[in-house]
file final01.cif (mmCIF, C-alpha atoms)
data_upload
loop_
_atom_site.label_atom_id
_atom_site.label_comp_id
_atom_site.auth_asym_id
_atom_site.auth_seq_id
_atom_site.Cartn_x
_atom_site.Cartn_y
_atom_site.Cartn_z
CA MET A 27 -58.00 85.53 39.18
CA LYS A 28 -61.12 84.65 41.21
CA GLN A 29 -59.95 81.05 41.40
CA LEU A 30 -56.57 82.21 42.75
CA GLN A 31 -58.35 84.29 45.38
CA LYS A 32 -60.41 81.24 46.36
CA ILE A 33 -57.28 79.07 46.69
CA LEU A 34 -55.49 81.70 48.76
CA LEU A 35 -58.51 82.12 51.02
CA THR A 36 -58.84 78.35 51.48
CA VAL A 37 -55.12 77.93 52.29
CA GLY A 38 -55.20 80.91 54.66
CA PHE A 39 -58.29 79.61 56.40
CA GLY A 40 -56.70 76.13 56.63
CA ILE A 41 -53.55 77.49 58.27
CA PHE A 42 -55.63 79.63 60.64
CA SER A 43 -57.82 76.66 61.59
CA VAL A 44 -54.85 74.35 62.28
CA SER A 45 -53.07 76.90 64.46
CA SER A 46 -56.27 77.76 66.36
CA LEU A 47 -56.94 74.06 66.93
CA GLN A 48 -53.40 73.62 68.32
CA ALA A 49 -53.83 76.62 70.62
CA ASP A 50 -57.24 75.27 71.67
CA MET A 51 -55.81 71.87 72.53
CA VAL A 52 -53.00 73.41 74.60
CA SER A 53 -55.37 75.65 76.55
CA GLU A 54 -57.81 72.75 76.94
CA ALA A 55 -55.01 70.61 78.42
CA ALA A 56 -53.85 73.49 80.61
CA ALA A 57 -57.22 73.52 82.36
CA LEU A 58 -57.20 69.80 83.19
CA ASP A 59 -56.53 68.26 86.59
CA VAL A 60 -54.10 65.43 85.75
CA ALA A 61 -54.76 63.55 88.98
CA LYS A 62 -58.47 63.35 88.19
CA VAL A 63 -58.39 62.83 84.42
CA CYS A 64 -55.71 60.15 84.52
CA ASP A 65 -57.10 58.22 87.48
CA VAL A 66 -57.52 54.65 86.12
CA LYS A 67 -59.76 53.48 88.97
CA ALA A 68 -62.19 56.36 88.55
CA ASN A 69 -62.27 56.57 84.74
CA GLY A 70 -61.36 53.09 83.54
CA LEU A 71 -58.32 51.94 81.62
CA ASP A 72 -59.72 52.54 78.13
CA ALA A 73 -60.81 56.11 78.85
CA VAL A 74 -57.43 57.02 80.37
CA LEU A 75 -55.62 55.56 77.36
CA ALA A 76 -57.91 57.45 74.98
CA THR A 77 -57.10 60.68 76.84
CA ALA A 78 -53.39 59.87 76.60
CA ALA A 79 -53.63 59.24 72.86
CA LYS A 80 -55.61 62.43 72.25
CA TYR A 81 -53.22 64.79 74.00
CA ASN A 82 -50.01 63.02 73.11
CA ALA A 83 -50.77 63.35 69.40
CA GLU A 84 -50.80 67.11 69.93
CA ALA A 85 -47.65 67.04 72.07
CA LYS A 86 -45.91 65.15 69.28
CA LYS A 87 -47.02 67.68 66.68
CA LEU A 88 -45.71 70.52 68.81
CA GLY A 89 -42.38 68.76 69.42
CA VAL A 90 -42.82 68.45 73.19
CA GLU A 91 -43.49 64.72 73.56
CA PHE A 92 -41.97 63.23 76.71
CA LYS A 93 -39.45 60.41 76.68
CA ARG A 94 -38.34 58.61 79.81
CA LEU A 95 -35.37 56.25 79.96
CA GLY A 96 -35.50 55.46 76.26
CA VAL A 97 -39.28 55.03 76.04
CA THR A 98 -41.28 57.70 74.20
CA ASN A 99 -44.80 58.40 75.37
CA SER A 100 -46.06 57.06 72.02
CA ASN A 101 -44.45 53.74 72.96
CA TYR A 102 -46.08 53.86 76.40
CA ILE A 103 -49.48 54.36 74.77
CA LYS A 104 -48.96 51.70 72.09
CA GLY A 105 -47.64 49.05 74.50
CA THR A 106 -50.23 49.75 77.17
CA THR A 107 -53.13 49.73 74.68
CA GLU A 108 -51.99 46.31 73.42
CA ALA A 109 -51.70 45.00 76.99
CA ALA A 110 -55.16 46.38 77.84
CA LYS A 111 -56.70 44.66 74.79
CA ALA A 112 -55.06 41.37 75.79
CA LYS A 113 -56.25 41.97 79.38
CA GLN A 114 -52.70 41.63 80.69
CA LYS A 115 -51.95 42.90 84.18
CA ASP A 116 -48.43 43.96 83.19
CA VAL A 117 -47.05 45.69 80.17
CA VAL A 118 -43.54 45.06 78.83
CA LEU A 119 -42.27 48.06 76.89
CA LYS A 120 -39.39 47.43 74.51
CA TYR A 121 -36.88 50.10 73.57
CA LYS A 122 -33.36 50.46 72.28
CA LYS A 123 -30.46 51.86 74.26
CA LYS A 124 -27.07 52.27 72.58
CA GLY A 125 -28.16 49.80 69.91
CA LYS A 126 -29.17 47.15 72.44
CA GLU A 127 -32.71 45.85 72.94
CA LYS A 128 -34.01 46.63 76.43
CA SER A 129 -37.34 46.20 78.14
CA LEU A 130 -39.25 47.82 80.96
CA LYS A 131 -42.00 46.03 82.90
CA LEU A 132 -44.80 48.02 84.57
CA SER A 133 -48.30 47.27 85.78
CA THR A 134 -50.80 48.13 83.01
CA ASP A 135 -52.74 50.56 85.20
CA TYR A 136 -49.58 52.40 86.19
CA ALA A 137 -48.34 52.58 82.59
CA ALA A 138 -51.70 54.05 81.52
CA TRP A 139 -51.52 56.66 84.30
CA ARG A 140 -48.02 57.59 83.23
CA ALA A 141 -48.92 57.80 79.53
CA CYS A 142 -51.90 60.02 80.32
CA SER A 143 -50.08 62.31 82.75
CA PHE A 144 -47.08 62.62 80.38
CA ALA A 145 -49.35 63.57 77.47
CA ILE A 146 -51.23 66.26 79.39
CA ARG A 147 -48.25 67.61 81.31
CA ALA A 148 -46.29 68.08 78.08
CA LEU A 149 -49.02 70.44 76.83
CA GLN A 150 -49.45 72.12 80.21
CA GLN A 151 -45.73 72.84 80.30
CA LYS A 152 -45.94 74.25 76.78
CA SER A 153 -48.64 76.60 78.01
CA GLU A 154 -46.77 77.53 81.22
CA ALA A 155 -43.57 78.21 79.27
CA GLU A 156 -45.31 81.02 77.38
CA SER A 157 -45.29 83.08 80.58
CA THR A 158 -42.19 81.72 82.31
CA TRP A 159 -39.41 81.49 79.70
CA ARG A 160 -38.38 85.13 79.96
CA LEU A 161 -38.00 84.87 83.75
CA ALA A 162 -34.73 82.97 83.31
CA ILE A 163 -33.02 85.43 80.93
CA PRO A 164 -30.25 87.60 82.40
CA GLY A 165 -30.93 91.20 81.41
CA ASP A 166 -34.64 90.45 81.01
CA GLY A 167 -36.79 88.66 83.60
CA PHE A 168 -33.96 87.09 85.60
CA LYS A 169 -32.66 89.40 88.36
CA TYR A 170 -29.55 88.58 90.29
CA MET B 21 -33.30 121.50 42.20
CA LEU B 22 -35.12 118.26 41.39
CA LEU B 23 -31.83 116.41 41.25
CA LYS B 24 -30.92 117.78 44.69
CA ILE B 25 -34.24 116.58 46.17
CA ALA B 26 -33.76 113.15 44.56
CA LYS B 27 -30.20 112.89 45.99
CA ILE B 28 -31.35 113.87 49.50
CA SER B 29 -34.26 111.40 49.34
CA LEU B 30 -31.90 108.64 48.24
CA LEU B 31 -29.49 109.42 51.09
CA ILE B 32 -32.34 109.39 53.62
CA ALA B 33 -33.62 106.08 52.22
CA LEU B 34 -30.15 104.53 52.34
CA GLY B 35 -29.63 105.82 55.86
CA THR B 36 -32.94 104.31 57.00
CA VAL B 37 -32.11 100.94 55.44
CA ALA B 38 -28.64 100.97 57.02
CA SER B 39 -29.92 101.87 60.48
CA ASN B 40 -32.65 99.21 60.27
CA ALA B 41 -30.07 96.59 59.23
CA ALA B 42 -27.99 97.48 62.27
CA ASP B 43 -31.06 97.19 64.46
CA PHE B 44 -31.81 93.56 63.62
CA ASN B 45 -29.20 92.32 66.08
CA ALA B 46 -29.87 94.97 68.74
CA GLN B 47 -31.84 92.64 71.03
CA ALA B 48 -29.33 89.81 70.51
CA GLU B 49 -26.45 92.14 71.42
CA LYS B 50 -28.30 93.23 74.54
CA ASP B 51 -28.86 89.57 75.49
CA ARG B 52 -25.23 88.65 74.83
CA LYS B 53 -23.82 91.51 76.90
CA ALA B 54 -26.21 90.73 79.75
CA LEU B 55 -25.10 87.08 79.68
CA VAL B 56 -21.41 88.07 79.79
CA GLY B 57 -22.19 90.40 82.72
CA TYR B 58 -24.06 87.65 84.56
CA MET B 59 -21.33 85.03 84.11
CA GLU B 60 -18.54 87.40 85.13
CA ALA B 61 -20.49 88.53 88.20
CA LYS B 62 -21.30 84.94 89.18
CA PHE B 63 -17.70 83.76 88.93
CA VAL B 64 -15.92 86.84 90.24
CA ASP B 65 -15.51 85.04 93.58
CA ALA B 66 -17.46 81.80 93.99
CA ASP B 67 -16.74 81.61 97.72
CA LYS B 68 -18.14 85.08 98.38
CA ASN B 69 -21.08 84.33 96.05
CA ARG B 70 -21.99 81.09 97.81
CA ALA B 71 -25.33 82.33 99.14
CA SER B 72 -26.43 83.71 95.77
CA TYR B 73 -25.18 81.09 93.34
CA PHE B 74 -23.49 78.07 94.93
CA PRO B 75 -25.47 76.99 98.02
CA TYR B 76 -24.71 73.29 97.53
CA SER B 77 -20.98 73.61 96.81
CA THR B 78 -18.49 72.43 99.41
CA ASP B 79 -16.02 74.67 101.22
CA ASP B 80 -13.17 72.84 99.52
CA GLU B 81 -14.37 73.41 95.98
CA LEU B 82 -15.32 77.02 96.59
CA LYS B 83 -11.98 77.86 98.15
CA ASN B 84 -9.65 75.63 96.15
CA ASN B 85 -11.26 74.67 92.86
CA PHE B 86 -12.97 77.80 91.53
CA PRO B 87 -10.52 80.40 90.20
CA LYS B 88 -11.44 84.02 90.94
CA LYS B 89 -12.31 86.83 88.51
CA ILE B 90 -13.04 84.63 85.50
CA LYS B 91 -13.25 86.80 82.41
CA HIS B 92 -15.41 86.54 79.30
CA GLU B 93 -12.86 84.83 77.00
CA THR B 94 -12.06 82.12 79.55
CA PHE B 95 -15.59 80.70 79.34
CA ALA B 96 -14.64 79.26 75.93
CA LEU B 97 -13.08 76.46 78.01
CA GLY B 98 -16.54 75.39 79.12
CA SER B 99 -16.71 74.04 82.65
CA TYR B 100 -12.90 73.90 82.77
CA ALA B 101 -13.01 77.69 83.11
CA TYR B 102 -14.08 77.17 86.74
CA ASN B 103 -12.87 73.69 87.55
CA SER B 104 -9.14 73.92 88.24
CA ARG B 105 -8.72 70.23 89.05
CA GLY B 106 -10.64 69.13 85.98
CA LYS B 107 -8.63 71.61 83.92
CA SER B 108 -5.34 69.97 84.87
CA GLN B 109 -6.68 66.56 83.70
CA TYR B 110 -7.93 68.24 80.52
CA ASP B 111 -4.51 69.77 79.91
CA ASP B 112 -2.90 66.33 80.32
CA ILE B 113 -5.20 64.80 77.69
CA LYS B 114 -4.60 67.77 75.37
CA GLU B 115 -0.91 66.87 75.22
CA MET B 116 -1.83 63.88 73.04
CA PRO B 117 -5.33 64.77 71.84
CA PRO B 118 -7.37 61.82 70.59
CA TYR B 119 -8.86 63.85 67.70
CA GLU B 120 -5.67 64.55 65.74
CA ASP B 121 -6.21 61.73 63.27
CA ALA B 122 -9.72 63.00 62.69
CA ILE B 123 -8.35 66.38 61.55
CA ASP B 124 -6.15 64.62 58.99
CA GLU B 125 -9.06 62.48 57.82
CA GLY B 126 -11.13 65.65 57.54
CA GLU B 127 -8.48 67.22 55.32
CA GLU B 128 -8.57 64.14 53.07
CA LEU B 129 -12.36 64.30 52.89
CA TYR B 130 -12.14 67.98 51.95
CA GLY B 131 -9.93 67.26 48.95
CA LYS B 132 -11.52 63.96 47.91
CA LYS B 133 -13.22 64.08 44.50
CA PHE B 134 -16.94 63.37 44.22
CA ALA B 135 -18.16 61.07 41.43
CA ASN B 136 -18.71 64.17 39.27
CA GLY B 137 -15.05 65.19 39.61
CA LYS B 138 -15.77 68.13 41.93
CA SER B 139 -15.03 68.26 45.66
CA PHE B 140 -15.88 70.22 48.81
CA LYS B 141 -13.43 72.85 47.58
CA GLU B 142 -16.07 74.13 45.16
CA CYS B 143 -18.65 74.56 47.97
CA PHE B 144 -16.20 75.80 50.60
CA PRO B 145 -13.34 77.63 48.86
CA LYS B 146 -12.35 79.09 52.25
CA THR B 147 -11.70 76.66 55.09
CA ASP B 148 -11.49 78.99 58.12
CA ILE B 149 -15.27 79.16 58.26
CA ALA B 150 -16.20 77.43 61.52
CA GLY B 151 -17.06 80.72 63.23
CA ASP B 152 -19.45 81.82 60.47
CA TYR B 153 -21.96 79.04 61.13
CA PRO B 154 -24.84 78.75 61.79
CA MET B 155 -25.72 81.52 59.34
CA PHE B 156 -29.06 82.83 58.21
CA ASP B 157 -29.77 82.37 54.52
CA ASP B 158 -32.07 85.18 53.39
CA LYS B 159 -32.91 83.36 50.15
CA SER B 160 -34.34 80.24 51.80
CA ASN B 161 -35.33 82.21 54.92
CA LYS B 162 -33.80 79.65 57.25
CA VAL B 163 -30.78 78.98 59.42
CA VAL B 164 -28.03 76.94 57.79
CA THR B 165 -25.72 75.05 60.11
CA LEU B 166 -22.30 73.82 59.03
CA THR B 167 -23.72 70.29 59.12
CA ALA B 168 -26.56 71.28 56.80
CA ALA B 169 -24.20 73.19 54.47
CA ILE B 170 -21.95 70.11 54.14
CA ASN B 171 -24.92 67.87 53.36
CA ASP B 172 -26.33 70.43 50.91
CA CYS B 173 -22.97 70.38 49.12
CA LEU B 174 -23.02 66.58 48.92
CA VAL B 175 -26.57 66.49 47.56
CA ALA B 176 -25.85 69.27 45.03
CA ASN B 177 -23.02 67.12 43.70
CA GLY B 178 -25.07 63.95 43.42
CA GLU B 179 -23.65 62.37 46.57
CA LYS B 180 -25.51 60.82 49.52
CA LYS B 181 -25.95 62.87 52.69
CA TRP B 182 -23.72 62.02 55.63
CA LYS B 183 -24.96 61.14 59.12
CA GLU B 184 -25.31 64.36 61.09
CA LYS B 185 -23.97 63.26 64.47
CA LYS B 186 -20.86 61.14 63.95
CA GLY B 187 -18.63 59.54 61.32
CA LYS B 188 -17.37 61.65 58.43
CA MET B 189 -19.35 64.76 59.36
CA PRO B 190 -17.45 65.71 62.55
CA LYS B 191 -14.15 64.82 60.87
CA LEU B 192 -14.62 67.38 58.10
CA GLN B 193 -15.86 69.87 60.68
CA ALA B 194 -12.78 69.16 62.82
CA TYR B 195 -10.63 70.14 59.83
CA PHE B 196 -12.54 73.41 59.35
CA SER B 197 -12.45 74.13 63.10
CA ASN B 198 -8.75 73.48 63.39
CA ILE B 199 -7.95 75.80 60.47
CA SER B 200 -10.23 78.45 61.95
CA LYS B 201 -8.54 78.11 65.35
CA GLU B 202 -5.05 78.35 63.85
CA ALA B 203 -6.10 81.42 61.84
CA GLY B 204 -7.19 83.08 65.10
CA LYS B 205 -10.80 83.28 63.96
CA LYS B 206 -13.63 84.21 66.31
CA VAL B 207 -17.31 83.36 66.39
CA ASP B 208 -18.96 85.80 63.99
CA ILE B 209 -22.70 85.18 63.75
CA LYS B 210 -24.71 87.79 61.89
CA ILE B 211 -28.35 88.79 62.27
CA SER B 212 -29.06 91.06 59.34
CA SER B 213 -32.75 90.72 58.56
CA LYS B 214 -36.11 90.59 60.26
CA ALA B 215 -36.41 86.87 59.49
CA ALA B 216 -32.95 86.20 60.99
CA ALA B 217 -33.95 88.09 64.15
CA ALA B 218 -37.12 85.97 64.34
CA ALA B 219 -35.07 82.75 64.05
CA TYR B 220 -32.79 84.02 66.84
CA GLU B 221 -35.80 84.83 69.04
CA HIS B 222 -37.27 81.37 68.38
CA GLY B 223 -33.97 79.73 69.37
CA LYS B 224 -33.78 81.90 72.51
CA LYS B 225 -37.32 80.97 73.54
CA GLU B 226 -36.60 77.26 73.12
CA TYR B 227 -33.37 77.60 75.14
CA TYR B 228 -35.15 79.21 78.07
CA ALA B 229 -38.43 77.21 77.96
CA GLN B 230 -38.81 74.33 80.41
CA ARG B 231 -39.35 71.00 78.68
CA GLY B 232 -39.47 67.24 79.11
CA TYR B 233 -40.73 65.23 82.07
CA LEU B 234 -37.94 66.65 84.19
CA LYS B 235 -39.16 70.18 83.43
CA LEU B 236 -35.67 71.48 82.75
CA SER B 237 -34.79 74.29 80.39
CA CYS B 238 -31.35 74.41 78.78
CA ALA B 239 -30.76 77.48 80.96
CA THR B 240 -31.53 75.58 84.16
CA CYS B 241 -28.21 73.78 83.73
CA HIS B 242 -26.16 76.16 81.57
CA VAL B 243 -27.13 79.65 82.82
CA GLN B 244 -28.45 79.45 86.38
CA GLY B 245 -26.86 76.00 86.82
CA ALA B 246 -23.46 76.76 85.28
CA GLY B 247 -20.84 75.86 87.87
CA GLN B 248 -23.21 73.62 89.85
CA ARG B 249 -22.15 70.03 90.16
CA VAL B 250 -24.11 67.00 89.00
CA ARG B 251 -22.39 64.08 90.69
CA ALA B 252 -18.72 64.73 89.93
CA GLU B 253 -19.21 66.95 86.85
CA TYR B 254 -19.61 70.70 86.65
CA MET B 255 -22.21 72.00 84.24
CA SER B 256 -20.85 74.15 81.45
CA PRO B 257 -21.84 77.76 80.71
CA LEU B 258 -23.94 78.88 77.73
CA LEU B 259 -21.23 81.44 77.10
CA GLY B 260 -18.66 79.72 74.85
CA GLN B 261 -20.74 76.58 74.51
CA THR B 262 -20.37 76.37 70.72
CA THR B 263 -16.74 77.49 70.34
CA HIS B 264 -15.07 74.11 70.69
CA PHE B 265 -17.10 71.74 68.50
CA PRO B 266 -16.81 69.12 67.18
CA VAL B 267 -15.68 67.41 70.37
CA PHE B 268 -14.15 64.07 71.21
CA ARG B 269 -16.17 62.93 74.21
CA LEU B 270 -14.65 60.29 76.42
CA LYS B 271 -18.21 58.98 76.98
CA TRP B 272 -18.66 58.48 73.22
CA ASN B 273 -15.06 57.43 72.61
CA SER B 274 -15.42 59.23 69.30
CA LEU B 275 -15.80 62.64 67.74
CA GLY B 276 -19.29 64.13 67.51
CA THR B 277 -21.00 67.22 66.15
CA LEU B 278 -22.75 69.90 68.16
CA GLU B 279 -26.05 68.38 66.98
CA ARG B 280 -25.06 65.05 68.55
CA ARG B 281 -24.43 66.73 71.88
CA MET B 282 -27.64 68.73 71.69
CA ALA B 283 -29.72 65.63 70.95
CA GLY B 284 -28.20 63.99 74.04
CA CYS B 285 -28.98 67.05 76.16
CA ASN B 286 -32.55 67.18 74.82
CA LYS B 287 -33.00 63.50 75.72
CA ASP B 288 -31.60 64.14 79.22
CA GLN B 289 -34.34 66.74 79.73
CA GLY B 290 -36.87 63.93 79.28
CA GLU B 291 -38.09 64.92 75.85
CA ASN B 292 -38.22 62.95 72.62
CA PRO B 293 -35.21 64.63 70.95
CA HIS B 294 -35.82 66.92 68.00
CA LYS B 295 -34.32 65.91 64.69
CA THR B 296 -30.81 67.22 64.13
CA ASN B 297 -31.84 69.00 60.91
CA SER B 298 -35.10 70.43 62.27
CA VAL B 299 -35.88 74.15 62.38
CA TRP B 300 -36.01 73.80 66.17
CA MET B 301 -32.43 72.53 66.34
CA LYS B 302 -31.06 75.03 63.81
CA ASP B 303 -32.69 78.06 65.46
CA LEU B 304 -31.50 76.89 68.86
CA LEU B 305 -27.91 76.56 67.62
CA TYR B 306 -28.17 79.98 65.95
CA PHE B 307 -29.08 81.56 69.30
CA MET B 308 -26.39 79.63 71.18
CA ALA B 309 -23.69 80.55 68.67
CA TYR B 310 -24.68 84.23 68.80
CA MET B 311 -24.16 84.18 72.57
CA SER B 312 -20.52 83.21 71.89
CA ASN B 313 -19.97 85.98 69.33
CA GLY B 314 -16.49 87.47 69.52
CA MET B 315 -15.02 84.50 71.38
CA ALA B 316 -12.05 82.61 69.96
CA LEU B 317 -12.70 79.30 68.23
CA ASP B 318 -10.90 76.39 69.87
CA GLY B 319 -12.31 73.27 68.26
CA PRO B 320 -11.95 70.42 67.94
CA ASP B 321 -11.68 69.73 71.62
CA ILE B 322 -12.15 67.05 74.24
CA ARG B 323 -14.85 66.71 76.83
CA LYS B 324 -15.82 63.99 79.29
#
call {"tool": "encode", "arguments": {"input": "final01.cif", "output": "structure tokens"}}
result
Amino acid sequence: MKQLQKILLTVGFGIFSVSSLQADMVSEAAALDVAKVCDVKANGLDAVLATAAKYNAEAKKLGVEFKRLGVTNSNYIKGTTEAAKAKQKDVVLKYKKKGKEKSLKLSTDYAAWRACSFAIRALQQKSEAESTWRLAIPGDGFKY
Amino acid sequence: MLLKIAKISLLIALGTVASNAADFNAQAEKDRKALVGYMEAKFVDADKNRASYFPYSTDDELKNNFPKKIKHETFALGSYAYNSRGKSQYDDIKEMPPYEDAIDEGEELYGKKFANGKSFKECFPKTDIAGDYPMFDDKSNKVVTLTAAINDCLVANGEKKWKEKKGKMPKLQAYFSNISKEAGKKVDIKISSKAAAAAYEHGKKEYYAQRGYLKLSCATCHVQGAGQRVRAEYMSPLLGQTTHFPVFRLKWNSLGTLERRMAGCNKDQGENPHKTNSVWMKDLLYFMAYMSNGMALDGPDIRK
């Protein structure tokens, strides 16, 4: 019986911790200034990519990861990190569209900026949506 | 005396349970009626409502393309409810609809024996069921879409799951939809428990929350944006959005499920699309289908 109580407490605490961590990460992202945090010149390429990876992992978990023209933000981060390691000025991102292989060429700095801003903005939007979603509902927050 | 007290207590308890059961869909009913009111008010006279709803529309389309006084049931036509010119092209295609073979193939799939000798008939003894899905299963505490129910049936009979967007799946659904349409069935989504109401609320929140790098909610296009034009196409209304699936889209040149369309829409918002069998997708479809409650089923259908 005591063992069962222990297991239940551990599971409960685990669930509580995970959800609090998620909420923490969203509110942490909500307080960030994207223009400053994702500035490659000011922070360096590696730091911006690390920021992108940190927040995008959370965006992915919450199901709000961005995807632009067939390229997920995970692919932006992966491709740009590889290009940064190889010290390439440009990054070529490969993706599939309607079963066909396609590619997108961007400067490495710009791709890092985009990956970082996409990762943070996804979480910021998640946070903003908590107070805005009802404003669009007829019969609720939406007046016409 | 004791027996009398017991009887009265039982009646009170039953009454409480019954009234609570009726309450589970109270918010959803309120939302649905408000949506019907909004759509009817918006499309009562598009030309007169230009300042409020259609600032970018041209004089020509407001005067000549939008019919007046569009009523609730008509929204089952999607954007063709308010696009007279598009509707005449739609009517032309409907004379020889490209999905007719799919209905026949769906009927064959329905009767085809599995390796164990059983068939879909055991899982779906009734075929006019398109309006009953998505439904909330109180045993598993989750929303079950028609797509999920078909795949559950296959797995239970030792068969492989079908793809959820195209192929055999929409063909069998086209058969169910056609039978439901011919039987005069209407969308009949039920919310009869606290968990079902929570799934509905989750779906509603996801429908109205802005998402993706374009920061669009589903409602941006299909509630506030319904009737607005994106290039040459009018955006369809949430009201009646699920009544006509599966659809043969000219863009796809094939039949597709509602999940296929939703994944496309989700991608267009600039978000990595959610899986077609995810809780997110199922709850969203549950909310959308409830909004069309009481409307006639008219699938399968064609769309651009």
call {"tool": "interface_residues", "arguments": {"input": "final01.cif", "of": "chain A", "to": "chain B", "cutoff": "10 Å", "atoms": "only C-alpha atoms", "output": "ChimeraX atom specification"}}
result
/A:86,89-100,143-145,147-149,151-152,154-166,168-170
call {"tool": "axis_aligned_box", "arguments": {"input": "final01.cif", "around": "segment 104-112 of chain B", "padding_each_side": "3 Å", "output": "JSON"}}
result
{"center_x": -6.8, "center_y": 70.1, "center_z": 84.5, "size_x": 13.7, "size_y": 13.6, "size_z": 15.1}
call {"tool": "resolve_selection", "arguments": {"input": "final01.cif", "expression": "the PyMOL selection byres ((chain A and resi 56) around 7)", "output": "list of chain:residue names"}}
result
A:Val52, A:Ser53, A:Glu54, A:Ala55, A:Ala57, A:Leu58, A:Leu149, A:Gln150, A:Ser153
call {"tool": "closest_residue", "arguments": {"input": "final01.cif", "among": "B:Ala150, B:Leu305, B:Ala66, B:Ala48", "to": "Ile199 of chain B", "atoms": "all atoms listed in the file"}}
result
B:Ala150
call {"tool": "resolve_selection", "arguments": {"input": "final01.cif", "expression": "the PyMOL selection byres ((chain B and resi 87) around 10)", "output": "mmCIF file with C-alpha atoms, in the frame of the given file"}}
result
data_model
loop_
_atom_site.group_PDB
_atom_site.id
_atom_site.type_symbol
_atom_site.label_atom_id
_atom_site.label_comp_id
_atom_site.auth_asym_id
_atom_site.auth_seq_id
_atom_site.Cartn_x
_atom_site.Cartn_y
_atom_site.Cartn_z
ATOM 1 C CA PHE B 63 -17.700 83.760 88.930
ATOM 2 C CA VAL B 64 -15.920 86.840 90.240
ATOM 3 C CA ASP B 65 -15.510 85.040 93.580
ATOM 4 C CA ALA B 66 -17.460 81.800 93.990
ATOM 5 C CA ASP B 67 -16.740 81.610 97.720
ATOM 6 C CA GLU B 81 -14.370 73.410 95.980
ATOM 7 C CA LEU B 82 -15.320 77.020 96.590
ATOM 8 C CA LYS B 83 -11.980 77.860 98.150
ATOM 9 C CA ASN B 84 -9.650 75.630 96.150
ATOM 10 C CA ASN B 85 -11.260 74.670 92.860
ATOM 11 C CA PHE B 86 -12.970 77.800 91.530
ATOM 12 C CA LYS B 88 -11.440 84.020 90.940
ATOM 13 C CA LYS B 89 -12.310 86.830 88.510
ATOM 14 C CA ILE B 90 -13.040 84.630 85.500
ATOM 15 C CA ALA B 101 -13.010 77.690 83.110
ATOM 16 C CA TYR B 102 -14.080 77.170 86.740
ATOM 17 C CA ASN B 103 -12.870 73.690 87.550
ATOM 18 C CA SER B 104 -9.140 73.920 88.240
#
call {"tool": "resolve_selection", "arguments": {"input": "final01.cif", "expression": "the PyMOL selection byres ((chain A and resi 63) around 10)", "output": "list in words"}}
result
Leu58, Asp59, Val60, Ala61, Lys62, Cys64, Asp65, Val66, Ala68, Asn69, Ala73, Val74, Thr77, Ala78, Trp139, Cys142, Ser143 and Ile146 of chain A
call {"tool": "atom_distance", "arguments": {"input": "final01.cif", "atom1": "atom CA of Gly98 of chain B", "atom2": "atom CA of Lys206 of chain B"}}
result
15.8 Å
call {"tool": "atom_distance", "arguments": {"input": "final01.cif", "atom1": "atom CA of Pro257 of chain B", "atom2": "atom CA of Met189 of chain B"}}
result
25.1 Å
call {"tool": "residues_around", "arguments": {"input": "final01.cif", "residues": "segment 183-188 of chain B", "least_positions_apart": "3", "cutoff": "12 Å", "atoms": "all atoms listed in the file", "output": "MDAnalysis selection string"}}
result
chainID B and resid 122:130 165:172 174 180 191:195 265:269 272:284 295:298
call {"tool": "closest_residue", "arguments": {"input": "final01.cif", "among": "A:Leu88, A:Ala141, A:Leu71, A:Ala83", "to": "Lys115 of chain A", "atoms": "only C-alpha atoms"}}
result
A:Leu71
call {"tool": "residues_around", "arguments": {"input": "final01.cif", "residues": "Gly247 of chain B", "least_positions_apart": "5", "cutoff": "8 Å", "atoms": "only C-alpha atoms", "output": "PyMOL selection string"}}
result
chain B and resi 74+99+102+254-257
call {"tool": "atom_distance", "arguments": {"input": "final01.cif", "atom1": "atom CA of Thr263 of chain B", "atom2": "atom CA of Asp318 of chain B"}}
result
6.0 Å
call {"tool": "decode", "arguments": {"input": "final01.cif", "residues": "segment 296-303 of chain B", "atoms": "N, CA and C atoms", "output": "PDB file, in the first residue's frame"}}
result
ATOM      1  N   THR B 296      -2.868  13.296 -38.524  1.00  0.00           N
ATOM      2  CA  THR B 296      -4.297  13.174 -38.799  1.00  0.00           C
ATOM      3  C   THR B 296      -5.040  12.370 -37.730  1.00  0.00           C
ATOM      4  N   ASN B 297      -4.309  11.552 -36.966  1.00  0.00           N
ATOM      5  CA  ASN B 297      -4.983  10.779 -35.904  1.00  0.00           C
ATOM      6  C   ASN B 297      -4.653  11.315 -34.505  1.00  0.00           C
ATOM      7  N   SER B 298      -4.171  12.563 -34.453  1.00  0.00           N
ATOM      8  CA  SER B 298      -3.814  13.133 -33.150  1.00  0.00           C
ATOM      9  C   SER B 298      -5.065  13.601 -32.401  1.00  0.00           C
ATOM     10  N   VAL B 299      -4.922  13.757 -31.102  1.00  0.00           N
ATOM     11  CA  VAL B 299      -6.025  14.283 -30.281  1.00  0.00           C
ATOM     12  C   VAL B 299      -6.395  15.675 -30.779  1.00  0.00           C
ATOM     13  N   TRP B 300      -5.382  16.453 -31.126  1.00  0.00           N
ATOM     14  CA  TRP B 300      -5.600  17.818 -31.639  1.00  0.00           C
ATOM     15  C   TRP B 300      -6.571  17.793 -32.820  1.00  0.00           C
ATOM     16  N   MET B 301      -6.255  16.942 -33.803  1.00  0.00           N
ATOM     17  CA  MET B 301      -7.075  16.869 -35.012  1.00  0.00           C
ATOM     18  C   MET B 301      -8.488  16.377 -34.683  1.00  0.00           C
ATOM     19  N   LYS B 302      -8.579  15.333 -33.872  1.00  0.00           N
ATOM     20  CA  LYS B 302      -9.893  14.754 -33.573  1.00  0.00           C
ATOM     21  C   LYS B 302     -10.780  15.732 -32.803  1.00  0.00           C
ATOM     22  N   ASP B 303     -10.208  16.419 -31.817  1.00  0.00           N
ATOM     23  CA  ASP B 303     -11.000  17.386 -31.046  1.00  0.00           C
ATOM     24  C   ASP B 303     -11.427  18.561 -31.928  1.00  0.00           C
TER      25      ASP B 303
END
